[in-house]
file entry-v8.csv (CSV, C-alpha atoms)
chain,number,residue,atom,x,y,z
A,180,MET,CA,-10.6,-0.2,18.8
A,181,MET,CA,-10.1,3.6,18.7
A,182,LYS,CA,-13.9,4.2,18.2
A,183,PHE,CA,-14.5,2.1,21.4
A,184,VAL,CA,-12.0,4.2,23.4
A,185,VAL,CA,-13.6,7.4,22.1
A,186,ALA,CA,-17.1,6.2,22.9
A,187,ALA,CA,-16.0,5.0,26.4
A,188,CYS,CA,-14.4,8.4,27.1
A,189,LEU,CA,-17.6,10.2,26.0
A,190,ILE,CA,-19.7,8.0,28.2
A,191,PHE,CA,-17.4,8.6,31.1
A,192,THR,CA,-17.5,12.3,30.6
A,193,VAL,CA,-21.3,12.4,30.5
A,194,VAL,CA,-21.6,10.2,33.6
A,195,SER,CA,-19.0,12.1,35.6
A,196,ALA,CA,-20.3,15.6,34.5
A,197,ASP,CA,-20.0,18.1,37.3
A,198,TYR,CA,-23.1,19.3,39.1
A,199,VAL,CA,-24.4,22.6,37.7
A,200,VAL,CA,-25.5,25.0,40.5
A,201,LYS,CA,-29.2,25.9,40.1
A,202,ASN,CA,-30.8,29.3,40.7
A,203,LYS,CA,-34.2,30.7,41.8
A,204,ASP,CA,-35.6,30.5,38.2
A,205,ASN,CA,-34.7,26.7,38.2
A,206,MET,CA,-36.5,26.4,41.6
A,207,LEU,CA,-39.6,28.1,40.3
A,208,SER,CA,-39.7,26.0,37.2
A,209,TYR,CA,-39.2,22.7,39.1
A,210,ARG,CA,-41.8,23.8,41.6
A,211,GLU,CA,-44.3,24.6,38.8
A,212,GLU,CA,-43.6,21.3,37.1
A,213,CYS,CA,-44.0,19.2,40.3
A,214,VAL,CA,-47.2,21.0,41.3
A,215,LYS,CA,-48.7,20.2,37.9
A,216,GLU,CA,-47.4,16.6,37.8
A,217,LEU,CA,-48.8,15.9,41.3
A,218,SER,CA,-51.9,18.1,41.2
A,219,VAL,CA,-50.8,19.8,44.4
A,220,PRO,CA,-53.6,21.9,45.9
A,221,ALA,CA,-53.3,25.7,46.2
A,222,ASP,CA,-53.3,25.7,50.0
A,223,LEU,CA,-50.2,23.4,50.0
A,224,VAL,CA,-48.5,25.5,47.4
A,225,GLU,CA,-49.0,28.6,49.6
A,226,GLN,CA,-47.3,26.7,52.5
A,227,TYR,CA,-44.4,25.7,50.2
A,228,GLN,CA,-43.9,29.3,49.2
A,229,LYS,CA,-43.3,30.0,52.9
A,230,TRP,CA,-40.8,27.2,53.2
A,231,GLN,CA,-43.3,25.1,55.2
A,232,TYR,CA,-43.6,21.4,54.2
A,233,PRO,CA,-46.1,19.4,56.3
A,234,ASN,CA,-45.6,15.7,56.7
A,235,ASP,CA,-48.3,14.4,54.3
A,236,ALA,CA,-48.2,12.1,51.3
A,237,LYS,CA,-48.6,14.9,48.7
A,238,THR,CA,-45.9,17.1,50.2
A,239,GLN,CA,-43.5,14.1,50.6
A,240,CYS,CA,-43.9,13.3,46.8
A,241,TYR,CA,-43.6,17.0,45.9
A,242,LEU,CA,-40.3,17.2,47.7
A,243,LYS,CA,-39.1,14.0,46.0
A,244,CYS,CA,-40.1,15.5,42.7
A,245,VAL,CA,-38.3,18.8,43.3
A,246,PHE,CA,-35.1,17.3,44.7
A,247,THR,CA,-35.0,14.8,41.8
A,248,LYS,CA,-35.3,17.5,39.2
A,249,TRP,CA,-32.5,19.4,41.0
A,250,GLY,CA,-30.3,16.3,40.7
A,251,LEU,CA,-30.0,16.1,44.5
A,252,PHE,CA,-32.0,12.9,45.1
A,253,ASP,CA,-32.8,9.7,43.2
A,254,THR,CA,-35.0,6.9,44.3
A,255,GLU,CA,-32.3,4.3,44.1
A,256,SER,CA,-29.4,5.9,46.0
A,257,GLY,CA,-31.1,8.7,47.9
A,258,PHE,CA,-29.5,12.1,48.4
A,259,ASN,CA,-26.4,13.2,46.6
A,260,VAL,CA,-24.5,14.9,49.4
A,261,GLU,CA,-21.8,16.3,47.1
A,262,ASN,CA,-24.4,17.9,44.8
A,263,ILE,CA,-26.3,19.4,47.8
A,264,HIS,CA,-23.1,20.8,49.3
A,265,THR,CA,-22.1,22.2,45.9
A,266,GLN,CA,-25.5,23.8,45.6
A,267,LEU,CA,-25.5,25.3,49.1
A,268,VAL,CA,-22.0,26.9,48.6
A,269,ARG,CA,-22.9,27.9,45.0
A,270,GLY,CA,-19.8,26.3,43.5
A,271,SER,CA,-16.7,24.4,44.4
A,272,ALA,CA,-17.1,22.7,47.8
A,273,ASN,CA,-14.6,21.2,50.2
A,274,HIS,CA,-16.3,17.9,50.8
A,275,ASP,CA,-14.1,17.3,53.9
A,276,ASP,CA,-15.5,20.3,55.8
A,277,GLU,CA,-18.0,20.6,58.7
A,278,LEU,CA,-20.9,21.6,56.5
A,279,HIS,CA,-20.5,18.5,54.4
A,280,GLY,CA,-20.8,16.4,57.5
A,281,LYS,CA,-23.9,18.2,58.6
A,282,ILE,CA,-25.5,17.7,55.2
A,283,ALA,CA,-24.5,14.0,55.2
A,284,ALA,CA,-26.2,13.7,58.6
A,285,CYS,CA,-29.5,14.6,56.9
A,286,ALA,CA,-29.1,12.1,54.1
A,287,ASP,CA,-29.9,8.7,55.5
A,288,LYS,CA,-29.7,5.5,53.5
A,289,ASN,CA,-33.3,4.7,54.1
A,290,GLU,CA,-32.6,2.1,56.7
A,291,GLN,CA,-36.3,2.4,57.6
A,292,GLY,CA,-37.3,1.0,54.2
A,293,SER,CA,-39.7,4.0,53.6
A,294,ASN,CA,-41.1,4.7,50.2
A,295,ALA,CA,-39.1,7.2,48.1
A,296,CYS,CA,-41.5,10.1,48.8
A,297,GLU,CA,-41.2,9.7,52.6
A,298,TRP,CA,-37.4,9.2,52.3
A,299,ALA,CA,-37.1,12.4,50.3
A,300,TRP,CA,-39.3,14.3,52.7
A,301,ARG,CA,-37.3,13.1,55.8
A,302,GLY,CA,-34.0,14.3,54.3
A,303,ALA,CA,-35.4,17.5,52.9
A,304,ASN,CA,-37.1,18.3,56.2
A,305,CYS,CA,-33.8,17.9,58.0
A,306,LEU,CA,-32.0,20.1,55.5
A,307,LEU,CA,-34.6,22.8,55.7
A,308,LYS,CA,-34.6,22.8,59.5
A,309,ASN,CA,-30.8,22.9,59.7
A,310,HIS,CA,-29.8,24.9,56.6
A,311,LEU,CA,-32.7,27.0,55.5
A,312,GLN,CA,-30.7,30.3,55.4
A,313,LEU,CA,-28.0,28.6,53.2
A,314,ILE,CA,-30.7,27.2,51.0
A,315,GLN,CA,-32.3,30.6,50.5
A,316,GLN,CA,-28.9,32.2,49.9
A,317,SER,CA,-27.9,29.6,47.3
A,318,LEU,CA,-31.0,30.7,45.3
A,319,ALA,CA,-30.2,34.4,45.5
A,320,PRO,CA,-28.6,36.1,42.5
A,321,LYS,CA,-24.8,36.2,42.8
A,322,ALA,CA,-23.5,39.6,43.6
call {"tool": "encode", "arguments": {"input": "entry-v8.csv", "output": "structure tokens"}}
result
Amino acid sequence: MMKFVVAACLIFTVVSADYVVKNKDNMLSYREECVKELSVPADLVEQYQKWQYPNDAKTQCYLKCVFTKWGLFDTESGFNVENIHTQLVRGSANHDDELHGKIAACADKNEQGSNACEWAWRGANCLLKNHLQLIQQSLAPKA
């Protein structure tokens, strides 16, 4: 019985592990992995480096790939608003504040029934339009 309790506690700890804030190195690594995995052409990569993400199938799947690697999106439940908020404020977030509500407004539940790539693009596009400065700041080295 004790082994079961210990195992259950370990599983719970792993499942409820706190989100780890990522940095620019993580972003560059995820970007490189997703570009390779999806064979993203150089002209699109140049746009991404300028924070421009056109609404096309390759870009949609690229954003799904990157957000998934970040732990901010999954194809079953969509965007993890708490993790996004924690990333944007670079640590402990008050999930009852105004910013949380604004992030949540970008994270629809895919009522449209879109494929996962389009769903990820739609939320990412909203986040980028409304929070680009915070996104960029969250990747800068901490002072």
call {"tool": "closest_residue", "arguments": {"input": "entry-v8.csv", "among": "A:Lys203, A:Lys281, A:Val219, A:Trp249", "to": "A:Asp235", "atoms": "only C-alpha atoms"}}
result
A:Val219
call {"tool": "closest_residue", "arguments": {"input": "entry-v8.csv", "among": "A:Thr238, A:Ser271, A:Ser256, A:Thr265", "to": "A:Asn304", "atoms": "all atoms listed in the file"}}
result
A:Thr238
call {"tool": "closest_residue", "arguments": {"input": "entry-v8.csv", "among": "A:Glu261, A:Glu216, A:Asp222, A:Asp253", "to": "A:Ala283", "atoms": "all atoms listed in the file"}}
result
A:Glu261
call {"tool": "closest_atom_pairs", "arguments": {"input": "entry-v8.csv", "of": "stretch 194-291 of chain A", "to": "stretch 306-320 of chain A", "cutoff": "6 Å", "atoms": "all atoms listed in the file", "output": "tab-separated table"}}
result
residue	atom	partner	partner_atom	distance
A:Asn202	CA	A:Leu318	CA	4.8
A:Lys203	CA	A:Leu318	CA	4.7
A:Leu267	CA	A:Ser317	CA	5.2
A:Arg269	CA	A:Ser317	CA	5.8
call {"tool": "residues_around", "arguments": {"input": "entry-v8.csv", "residues": "A:Asn205", "least_positions_apart": "4", "cutoff": "10 Å", "atoms": "all atoms listed in the file", "output": "MDAnalysis selection string"}}
result
chainID A and resid 200:201 209:211 248:249 318
call {"tool": "write_last_selection", "arguments": {"input": "entry-v8.csv", "atoms": "C-alpha atoms", "output": "PDB file, keeping the file's coordinate frame"}}
result
ATOM      1  CA  VAL A 200     -25.500  25.000  40.500  1.00  0.00           C
ATOM      2  CA  LYS A 201     -29.200  25.900  40.100  1.00  0.00           C
ATOM      3  CA  TYR A 209     -39.200  22.700  39.100  1.00  0.00           C
ATOM      4  CA  ARG A 210     -41.800  23.800  41.600  1.00  0.00           C
ATOM      5  CA  GLU A 211     -44.300  24.600  38.800  1.00  0.00           C
ATOM      6  CA  LYS A 248     -35.300  17.500  39.200  1.00  0.00           C
ATOM      7  CA  TRP A 249     -32.500  19.400  41.000  1.00  0.00           C
ATOM      8  CA  LEU A 318     -31.000  30.700  45.300  1.00  0.00           C
TER       9      LEU A 318
END
